[in-house]
Amino acid sequence: MDVISKAKILGDSGKYDVCGGEVCKPPEITTGLHNIPGIIRAKEKNGRFCSLLKTLQTNACKFDCNYCANRAGNRKSGNQKVSFTPVELSSLFNTLVQKNIVNGLFLSSGVSGDPDKSTADMLKTVRLVRHKYHFGGYIHFKVLPGTNYELVKQASELANRLSVNVEAPGSARLNELSSIKDFKNDILRRQAWIKRLRPGSGQTTQMIVGVNGETDLEVLRMARWEYEKMDLKRCYYSAFSPVKGTPFEDRRKETQLRANRLYKADWLFRVYKYEFRLLKEVMPDGMLPDKDPKVAIAEKTLAEPLELESAGFDELLMVPGIGPVTAENIIRKRESGARFDTKVLKRCGAVMQRAAPFIRVNGERQLRLNAL
Ligand code: SF4
């Protein structure tokens with residue numbers, strides 16, 4: 001099989017991992033090399049977009065994850081088992097870089113043979129990319145569950161970012177997904193190694209949601225634990241989608257809406273530093289309510305509209321439509337002696353349609369949305 005055909009299959013096989021960044025949309029040009037499904041656009045820290053070749057080294061896997069098209073013995077889903085040699089993949093990546101189609105690599109793999117053998121192939125690829133083709137840009141290296149310490153260490157010396165997917169919110173939940181992966185030993189221990197080997201490098205992880213009855217509270221608790229204990233930079237939530245030929249093929253597809261709500265809730269405690277109990281209070285049944293979690297929390301906690309003339313930073317941040325930059329702008333304006341009206345608030349960055357029901361401006365409650 002030629003390399004482009006392999007790239008199409010292995011790029012497509014890698015699509016279940018949403019950890020690659022904030023994927024926006026594929027490149028608009030859809031011919032030739034641009035047509036590889038593994039080329040994604042991801043948002044960088046500075047807000048600019050980069051293009052990554054996101055691919056598996058192989059989609060052959062001896063593990064048995066019940067949701068995965070690549071699992072051992074799955075013949076029905078039509079996914080052909082193929083592998084790149086390190087020479088093929090590094091050369092393809094170099095061609096894509098030279099043609100300015102991508103400027104980074106996201107490399108994962110199925111576990112063919114054992115995790116160390118598969119990781120060794122991935123390392124050979126990355127060594128060729130770094131040393132033969134002198135690529136100095138971004139490489140995200142997926143550490144396979146169960147890989148030995150020495151290989152993780154080598155990966156940490158070659159890649160910009162390492163990550164391991166926890167997949168489920170805890171050991172019992174993972175046991176329902178796979179009879180082989182051991183949550184503490186194969187996954188958490190590897191995350192602890194990454195934290196030690198690459199402190200502050202921003203490891204990420206992924207959880208699949210809607211696969212086996214897990215609640216939002218379980219998922220968010222796990223994410224919070226990961227942020228605190230593993231120095232996690234970002235948790236990604238992947239809405240479960242059944243794959244033909246797997247034991248979970250008849251399960252219900254999860255909505256993207258649920259994953260989006262989890263991202264919003266995650267943002268509240270990860271970025272806005274909301275106390276976790278505030279989220280718990282709006283999840284009496286363990287599930288996020290059917291609305292923006294920030295609005296749900298504001299409705300519960302802001303019994304009285306907030307006085308803008310006296311509210312502190314943390315209080316302002318509780319108001320939907322007001323983020324940290326806007327909160328700072330409001331405080332700065334207040335300190336300069338400015339009087340507030342809706343125009344001034346808008347200039348500070350407030351989204352008045354969202355904020356209005358929760359604030360008072362110059363003693364007046366802002367309920368008349370049509371006045372805004
Ligand atoms: S380890 Fe599990 S999730 Fe990963 S490729 Fe193998 S079967 Fe799929």
# chains A, B, ... in the order shown; residues from 1 in each chain; ligands from 1
$ residues_near_ligand --ligand "ligand 1" --cutoff "7 Å" --atoms "only C-alpha atoms and all ligand atoms" --output "MDAnalysis selection string"
chainID A and resid 59 61:65 68:72 109:111
$ select_by_dssp --residues "segment 149-215 of chain A" --states "alpha helix (DSSP H)" --output "list in words"
Tyr149, Glu150, Leu151, Val152, Lys153, Gln154, Ala155, Ser156, Glu157, Leu158, Ser171, Ala172, Arg173, Leu174, Asn175, Glu176, Leu177, Arg189, Arg190, Gln191, Ala192, Trp193, Ile194, Lys195, Arg196 and Leu197 of chain A
$ write_last_selection --atoms "C-alpha atoms" --output "compact mmCIF listing (two decimals), in the first residue's frame"
# COMPACT_ATOMS: atom_id res chain seq x y z
CA TYR A 149 9.94 4.53 32.14
CA GLU A 150 13.06 4.60 29.97
CA LEU A 151 11.00 5.05 26.78
CA VAL A 152 8.81 7.75 28.36
CA LYS A 153 12.01 9.54 29.33
CA GLN A 154 13.33 9.34 25.76
CA ALA A 155 10.03 10.70 24.45
CA SER A 156 10.22 13.57 26.94
CA GLU A 157 13.60 14.56 25.48
CA LEU A 158 12.29 14.65 21.91
CA SER A 171 -10.59 2.77 37.90
CA ALA A 172 -14.03 1.12 38.10
CA ARG A 173 -15.27 3.03 35.06
CA LEU A 174 -12.16 2.16 33.04
CA ASN A 175 -12.63 -1.53 33.89
CA GLU A 176 -15.98 -1.33 32.11
CA LEU A 177 -14.21 -0.05 29.00
CA ARG A 189 1.73 6.23 37.04
CA ARG A 190 2.72 7.32 33.50
CA GLN A 191 1.13 10.72 34.07
CA ALA A 192 3.15 11.08 37.28
CA TRP A 193 6.33 10.29 35.31
CA ILE A 194 5.47 12.93 32.71
CA LYS A 195 4.85 15.46 35.46
CA ARG A 196 8.28 14.68 36.93
CA LEU A 197 10.15 14.52 33.60
$ closest_atom_pairs --of "segment 118-212 of chain A" --to "segment 243-256 of chain A" --cutoff "10 Å" --atoms "only C-alpha atoms" --output "CSV"
residue,atom,partner,partner_atom,distance
A:Leu177,CA,A:Phe248,CA,9.3
A:Ile208,CA,A:Glu254,CA,9.6
A:Val209,CA,A:Glu254,CA,7.2
A:Gly210,CA,A:Glu254,CA,5.2
A:Val211,CA,A:Glu254,CA,7.5
A:Asn212,CA,A:Arg251,CA,8.8
$ residues_around --residues "segment 279-289 of chain A" --least-positions-apart "3" --cutoff "12 Å" --atoms "only C-alpha atoms" --output "mmCIF file with N, CA and C atoms, in the first residue's frame"
data_model
loop_
_atom_site.group_PDB
_atom_site.id
_atom_site.type_symbol
_atom_site.label_atom_id
_atom_site.label_comp_id
_atom_site.auth_asym_id
_atom_site.auth_seq_id
_atom_site.Cartn_x
_atom_site.Cartn_y
_atom_site.Cartn_z
ATOM 1 N N VAL A 209 -17.141 10.707 27.152
ATOM 2 C CA VAL A 209 -18.350 10.909 27.965
ATOM 3 C C VAL A 209 -19.571 10.308 27.272
ATOM 4 N N GLY A 210 -20.456 9.788 28.109
ATOM 5 C CA GLY A 210 -21.691 9.195 27.581
ATOM 6 C C GLY A 210 -21.505 7.766 27.149
ATOM 7 N N GLY A 213 -22.692 5.464 31.314
ATOM 8 C CA GLY A 213 -23.539 5.942 32.406
ATOM 9 C C GLY A 213 -22.841 6.803 33.441
ATOM 10 N N GLU A 214 -21.615 7.206 33.161
ATOM 11 C CA GLU A 214 -20.920 8.077 34.119
ATOM 12 C C GLU A 214 -21.625 9.427 34.216
ATOM 13 N N THR A 215 -21.602 10.035 35.404
ATOM 14 C CA THR A 215 -22.265 11.333 35.557
ATOM 15 C C THR A 215 -21.281 12.461 35.245
ATOM 16 N N ASP A 216 -21.839 13.653 35.015
ATOM 17 C CA ASP A 216 -20.978 14.828 34.798
ATOM 18 C C ASP A 216 -20.131 15.095 36.041
ATOM 19 N N LEU A 217 -20.740 14.840 37.211
ATOM 20 C CA LEU A 217 -19.998 15.101 38.452
ATOM 21 C C LEU A 217 -18.770 14.194 38.547
ATOM 22 N N GLU A 218 -18.928 12.924 38.213
ATOM 23 C CA GLU A 218 -17.769 12.010 38.219
ATOM 24 C C GLU A 218 -16.682 12.521 37.273
ATOM 25 N N VAL A 219 -17.108 12.931 36.080
ATOM 26 C CA VAL A 219 -16.152 13.370 35.053
ATOM 27 C C VAL A 219 -15.415 14.631 35.520
ATOM 28 N N LEU A 220 -16.177 15.590 36.063
ATOM 29 C CA LEU A 220 -15.558 16.858 36.466
ATOM 30 C C LEU A 220 -14.677 16.677 37.708
ATOM 31 N N ARG A 221 -15.088 15.777 38.606
ATOM 32 C CA ARG A 221 -14.249 15.492 39.783
ATOM 33 C C ARG A 221 -12.902 14.915 39.338
ATOM 34 N N ARG A 224 -10.828 17.650 37.849
ATOM 35 C CA ARG A 224 -10.273 18.537 38.884
ATOM 36 C C ARG A 224 -9.078 17.866 39.551
ATOM 37 N N LEU A 257 -23.478 18.466 22.656
ATOM 38 C CA LEU A 257 -23.948 19.463 23.624
ATOM 39 C C LEU A 257 -23.453 19.130 25.035
ATOM 40 N N ARG A 258 -23.485 17.839 25.376
ATOM 41 C CA ARG A 258 -23.029 17.450 26.720
ATOM 42 C C ARG A 258 -21.532 17.734 26.872
ATOM 43 N N ALA A 259 -20.761 17.373 25.860
ATOM 44 C CA ALA A 259 -19.318 17.656 25.932
ATOM 45 C C ALA A 259 -19.082 19.159 26.040
ATOM 46 N N ASN A 260 -19.849 19.952 25.285
ATOM 47 C CA ASN A 260 -19.671 21.408 25.328
ATOM 48 C C ASN A 260 -19.977 21.966 26.713
ATOM 49 N N ARG A 261 -21.001 21.407 27.367
ATOM 50 C CA ARG A 261 -21.331 21.872 28.725
ATOM 51 C C ARG A 261 -20.215 21.535 29.707
ATOM 52 N N LEU A 262 -19.636 20.355 29.508
ATOM 53 C CA LEU A 262 -18.514 19.976 30.385
ATOM 54 C C LEU A 262 -17.339 20.931 30.181
ATOM 55 N N TYR A 263 -17.086 21.316 28.928
ATOM 56 C CA TYR A 263 -16.008 22.285 28.683
ATOM 57 C C TYR A 263 -16.285 23.598 29.415
ATOM 58 N N LYS A 264 -17.547 24.024 29.391
ATOM 59 C CA LYS A 264 -17.884 25.298 30.055
ATOM 60 C C LYS A 264 -17.707 25.184 31.561
ATOM 61 N N ALA A 265 -18.155 24.059 32.137
ATOM 62 C CA ALA A 265 -18.016 23.858 33.580
ATOM 63 C C ALA A 265 -16.536 23.765 33.953
ATOM 64 N N ASP A 266 -15.772 23.057 33.141
ATOM 65 C CA ASP A 266 -14.334 22.898 33.356
ATOM 66 C C ASP A 266 -13.659 24.276 33.374
ATOM 67 N N TRP A 267 -14.065 25.125 32.440
ATOM 68 C CA TRP A 267 -13.500 26.480 32.342
ATOM 69 C C TRP A 267 -13.728 27.249 33.645
ATOM 70 N N LEU A 268 -14.916 27.040 34.254
ATOM 71 C CA LEU A 268 -15.242 27.798 35.457
ATOM 72 C C LEU A 268 -14.288 27.486 36.601
ATOM 73 N N PHE A 269 -13.959 26.199 36.826
ATOM 74 C CA PHE A 269 -13.047 25.954 37.959
ATOM 75 C C PHE A 269 -11.579 25.978 37.558
ATOM 76 N N LYS A 273 -11.410 29.821 38.441
ATOM 77 C CA LYS A 273 -11.149 29.408 39.832
ATOM 78 C C LYS A 273 -12.402 29.414 40.698
ATOM 79 N N TYR A 274 -13.524 29.074 40.124
ATOM 80 C CA TYR A 274 -14.745 28.891 40.915
ATOM 81 C C TYR A 274 -14.508 27.763 41.913
ATOM 82 N N GLU A 275 -15.104 27.905 43.107
ATOM 83 C CA GLU A 275 -15.053 26.787 44.048
ATOM 84 C C GLU A 275 -15.865 25.639 43.449
ATOM 85 N N PHE A 276 -15.349 24.430 43.605
ATOM 86 C CA PHE A 276 -16.005 23.275 42.981
ATOM 87 C C PHE A 276 -17.408 23.053 43.550
ATOM 88 N N ASP A 292 -26.277 26.987 30.272
ATOM 89 C CA ASP A 292 -24.893 27.364 30.537
ATOM 90 C C ASP A 292 -24.631 27.263 32.050
ATOM 91 N N PRO A 293 -23.621 26.473 32.484
ATOM 92 C CA PRO A 293 -23.379 26.307 33.919
ATOM 93 C C PRO A 293 -23.138 27.633 34.651
ATOM 94 N N LYS A 294 -22.562 28.617 33.964
ATOM 95 C CA LYS A 294 -22.317 29.903 34.632
ATOM 96 C C LYS A 294 -23.647 30.586 34.952
ATOM 97 N N VAL A 295 -24.599 30.488 34.044
ATOM 98 C CA VAL A 295 -25.920 31.078 34.282
ATOM 99 C C VAL A 295 -26.612 30.333 35.432
ATOM 100 N N ALA A 296 -26.517 28.987 35.425
ATOM 101 C CA ALA A 296 -27.156 28.194 36.484
ATOM 102 C C ALA A 296 -26.596 28.577 37.852
ATOM 103 N N ILE A 297 -25.281 28.767 37.934
ATOM 104 C CA ILE A 297 -24.662 29.120 39.216
ATOM 105 C C ILE A 297 -25.073 30.541 39.620
ATOM 106 N N ALA A 298 -25.093 31.452 38.653
ATOM 107 C CA ALA A 298 -25.485 32.843 38.965
ATOM 108 C C ALA A 298 -26.929 32.885 39.475
ATOM 109 N N GLU A 299 -27.801 32.123 38.856
ATOM 110 C CA GLU A 299 -29.203 32.119 39.298
ATOM 111 C C GLU A 299 -29.322 31.610 40.734
ATOM 112 N N LYS A 300 -28.432 30.684 41.103
ATOM 113 C CA LYS A 300 -28.503 30.110 42.449
ATOM 114 C C LYS A 300 -27.828 31.003 43.490
ATOM 115 N N THR A 301 -26.731 31.629 43.099
ATOM 116 C CA THR A 301 -25.939 32.339 44.118
ATOM 117 C C THR A 301 -26.213 33.842 44.171
#
$ residues_around --residues "Lys124 of chain A" --least-positions-apart "2" --cutoff "10 Å" --atoms "only C-alpha atoms" --output "ChimeraX atom specification"
/A:85-87,89-90,119-122,126-130
$ residues_around --residues "segment 225-237 of chain A" --least-positions-apart "5" --cutoff "6 Å" --atoms "only C-alpha atoms" --output "list in words"
Cys19, Gly202, Gln203, Thr204, Thr205, Gln206, Met207, Ile208 and Ala259 of chain A
$ atom_distance --atom1 "atom CA of Glu315 of chain A" --atom2 "atom CA of Arg347 of chain A"
19.4 Å
$ atom_distance --atom1 "atom CA of Tyr133 of chain A" --atom2 "atom CA of Lys117 of chain A"
23.3 Å
$ atom_distance --atom1 "atom CA of Leu144 of chain A" --atom2 "atom CA of Pro115 of chain A"
6.0 Å
$ select_by_dssp --residues "segment 72-308 of chain A" --states "strand (DSSP E or B)" --output "list of chain:residue names"
A:Ser83, A:Gly104, A:Leu105, A:Phe106, A:Leu107, A:Ser108, A:Tyr138, A:Ile139, A:His140, A:Phe141, A:Lys142, A:Arg161, A:Leu162, A:Ser163, A:Glu167, A:Thr204, A:Thr205, A:Gln206, A:Met207, A:Ile208, A:Val209, A:Arg234, A:Cys235, A:Tyr236, A:Tyr237, A:Ser238, A:Ala239, A:Leu306, A:Glu307
$ write_last_selection --atoms "N, CA and C atoms" --output "PDB file, in the first residue's frame"
ATOM      1  N   SER A  83       0.197  -0.036   9.051  1.00  0.00           N
ATOM      2  CA  SER A  83       1.233   0.598   9.881  1.00  0.00           C
ATOM      3  C   SER A  83       2.173   1.408   8.993  1.00  0.00           C
ATOM      4  N   GLY A 104       3.437  20.976  12.508  1.00  0.00           N
ATOM      5  CA  GLY A 104       3.560  20.236  13.758  1.00  0.00           C
ATOM      6  C   GLY A 104       3.053  18.816  13.591  1.00  0.00           C
ATOM      7  N   LEU A 105       3.421  17.976  14.573  1.00  0.00           N
ATOM      8  CA  LEU A 105       3.065  16.553  14.509  1.00  0.00           C
ATOM      9  C   LEU A 105       2.394  16.125  15.804  1.00  0.00           C
ATOM     10  N   PHE A 106       1.306  15.401  15.667  1.00  0.00           N
ATOM     11  CA  PHE A 106       0.640  14.786  16.823  1.00  0.00           C
ATOM     12  C   PHE A 106       0.661  13.290  16.566  1.00  0.00           C
ATOM     13  N   LEU A 107       1.479  12.576  17.341  1.00  0.00           N
ATOM     14  CA  LEU A 107       1.696  11.158  17.039  1.00  0.00           C
ATOM     15  C   LEU A 107       1.160  10.252  18.137  1.00  0.00           C
ATOM     16  N   SER A 108       0.277   9.349  17.745  1.00  0.00           N
ATOM     17  CA  SER A 108      -0.246   8.342  18.663  1.00  0.00           C
ATOM     18  C   SER A 108      -0.123   6.986  17.975  1.00  0.00           C
ATOM     19  N   TYR A 138       6.778  21.886  16.742  1.00  0.00           N
ATOM     20  CA  TYR A 138       5.945  21.260  17.773  1.00  0.00           C
ATOM     21  C   TYR A 138       5.677  19.775  17.500  1.00  0.00           C
ATOM     22  N   ILE A 139       5.954  18.953  18.511  1.00  0.00           N
ATOM     23  CA  ILE A 139       5.592  17.529  18.447  1.00  0.00           C
ATOM     24  C   ILE A 139       4.850  17.142  19.731  1.00  0.00           C
ATOM     25  N   HIS A 140       3.661  16.594  19.559  1.00  0.00           N
ATOM     26  CA  HIS A 140       2.884  16.056  20.683  1.00  0.00           C
ATOM     27  C   HIS A 140       2.978  14.529  20.584  1.00  0.00           C
ATOM     28  N   PHE A 141       3.463  13.907  21.654  1.00  0.00           N
ATOM     29  CA  PHE A 141       3.719  12.456  21.654  1.00  0.00           C
ATOM     30  C   PHE A 141       2.785  11.790  22.648  1.00  0.00           C
ATOM     31  N   LYS A 142       1.979  10.881  22.140  1.00  0.00           N
ATOM     32  CA  LYS A 142       1.027  10.173  23.008  1.00  0.00           C
ATOM     33  C   LYS A 142       1.743   9.007  23.673  1.00  0.00           C
ATOM     34  N   ARG A 161       5.365  18.057  23.938  1.00  0.00           N
ATOM     35  CA  ARG A 161       4.286  17.735  24.877  1.00  0.00           C
ATOM     36  C   ARG A 161       4.026  16.227  24.863  1.00  0.00           C
ATOM     37  N   LEU A 162       3.824  15.677  26.083  1.00  0.00           N
ATOM     38  CA  LEU A 162       3.462  14.266  26.207  1.00  0.00           C
ATOM     39  C   LEU A 162       2.090  14.203  26.863  1.00  0.00           C
ATOM     40  N   SER A 163       1.339  13.174  26.518  1.00  0.00           N
ATOM     41  CA  SER A 163       0.064  13.002  27.212  1.00  0.00           C
ATOM     42  C   SER A 163      -0.346  11.538  27.214  1.00  0.00           C
ATOM     43  N   GLU A 167      -9.254   8.337  29.719  1.00  0.00           N
ATOM     44  CA  GLU A 167     -10.461   7.788  29.068  1.00  0.00           C
ATOM     45  C   GLU A 167     -11.703   7.745  29.953  1.00  0.00           C
ATOM     46  N   THR A 204      -1.837  16.867  28.727  1.00  0.00           N
ATOM     47  CA  THR A 204      -3.286  16.913  28.516  1.00  0.00           C
ATOM     48  C   THR A 204      -3.831  15.492  28.672  1.00  0.00           C
ATOM     49  N   THR A 205      -5.140  15.383  28.755  1.00  0.00           N
ATOM     50  CA  THR A 205      -5.738  14.051  28.752  1.00  0.00           C
ATOM     51  C   THR A 205      -7.113  14.113  28.122  1.00  0.00           C
ATOM     52  N   GLN A 206      -7.711  12.963  27.935  1.00  0.00           N
ATOM     53  CA  GLN A 206      -9.038  12.892  27.333  1.00  0.00           C
ATOM     54  C   GLN A 206      -9.924  11.936  28.123  1.00  0.00           C
ATOM     55  N   MET A 207     -11.206  12.304  28.277  1.00  0.00           N
ATOM     56  CA  MET A 207     -12.191  11.359  28.801  1.00  0.00           C
ATOM     57  C   MET A 207     -13.310  11.221  27.776  1.00  0.00           C
ATOM     58  N   ILE A 208     -13.785   9.997  27.641  1.00  0.00           N
ATOM     59  CA  ILE A 208     -14.937   9.763  26.757  1.00  0.00           C
ATOM     60  C   ILE A 208     -16.185   9.914  27.609  1.00  0.00           C
ATOM     61  N   VAL A 209     -17.141  10.707  27.152  1.00  0.00           N
ATOM     62  CA  VAL A 209     -18.350  10.909  27.965  1.00  0.00           C
ATOM     63  C   VAL A 209     -19.571  10.308  27.272  1.00  0.00           C
ATOM     64  N   ARG A 234      -4.910  20.688  30.385  1.00  0.00           N
ATOM     65  CA  ARG A 234      -6.215  20.701  29.743  1.00  0.00           C
ATOM     66  C   ARG A 234      -6.797  19.298  29.686  1.00  0.00           C
ATOM     67  N   CYS A 235      -8.063  19.178  30.043  1.00  0.00           N
ATOM     68  CA  CYS A 235      -8.770  17.912  29.866  1.00  0.00           C
ATOM     69  C   CYS A 235      -9.722  18.068  28.683  1.00  0.00           C
ATOM     70  N   TYR A 236      -9.726  17.114  27.784  1.00  0.00           N
ATOM     71  CA  TYR A 236     -10.634  17.137  26.638  1.00  0.00           C
ATOM     72  C   TYR A 236     -11.751  16.127  26.880  1.00  0.00           C
ATOM     73  N   TYR A 237     -12.951  16.491  26.444  1.00  0.00           N
ATOM     74  CA  TYR A 237     -14.113  15.630  26.636  1.00  0.00           C
ATOM     75  C   TYR A 237     -14.608  15.192  25.253  1.00  0.00           C
ATOM     76  N   SER A 238     -14.599  13.892  25.028  1.00  0.00           N
ATOM     77  CA  SER A 238     -14.968  13.365  23.720  1.00  0.00           C
ATOM     78  C   SER A 238     -16.333  12.689  23.841  1.00  0.00           C
ATOM     79  N   ALA A 239     -17.318  13.200  23.086  1.00  0.00           N
ATOM     80  CA  ALA A 239     -18.664  12.610  23.142  1.00  0.00           C
ATOM     81  C   ALA A 239     -18.629  11.232  22.481  1.00  0.00           C
ATOM     82  N   LEU A 306     -26.155  42.229  41.563  1.00  0.00           N
ATOM     83  CA  LEU A 306     -24.887  42.732  42.106  1.00  0.00           C
ATOM     84  C   LEU A 306     -24.759  44.244  41.882  1.00  0.00           C
ATOM     85  N   GLU A 307     -24.323  44.945  42.946  1.00  0.00           N
ATOM     86  CA  GLU A 307     -24.066  46.386  42.838  1.00  0.00           C
ATOM     87  C   GLU A 307     -22.705  46.594  42.181  1.00  0.00           C
TER      88      GLU A 307
END
$ residues_around --residues "Ala355 of chain A" --least-positions-apart "3" --cutoff "7 Å" --atoms "only C-alpha atoms" --output "PyMOL selection string"
chain A and resi 319-322+351-352+358-359
$ closest_residue --among "A:Val3, A:His134, A:Ser51, A:Asn148" --to "Phe84 of chain A" --atoms "only C-alpha atoms"
A:Val3
$ residues_around --residues "Asn329 of chain A" --least-positions-apart "5" --cutoff "10 Å" --atoms "only C-alpha atoms" --output "MDAnalysis selection string"
chainID A and resid 323:324 334:335 345 347:350
$ closest_residue --among "A:Val344, A:Val361, A:Ala338, A:Ala327" --to "Leu308 of chain A" --atoms "only C-alpha atoms"
A:Val361
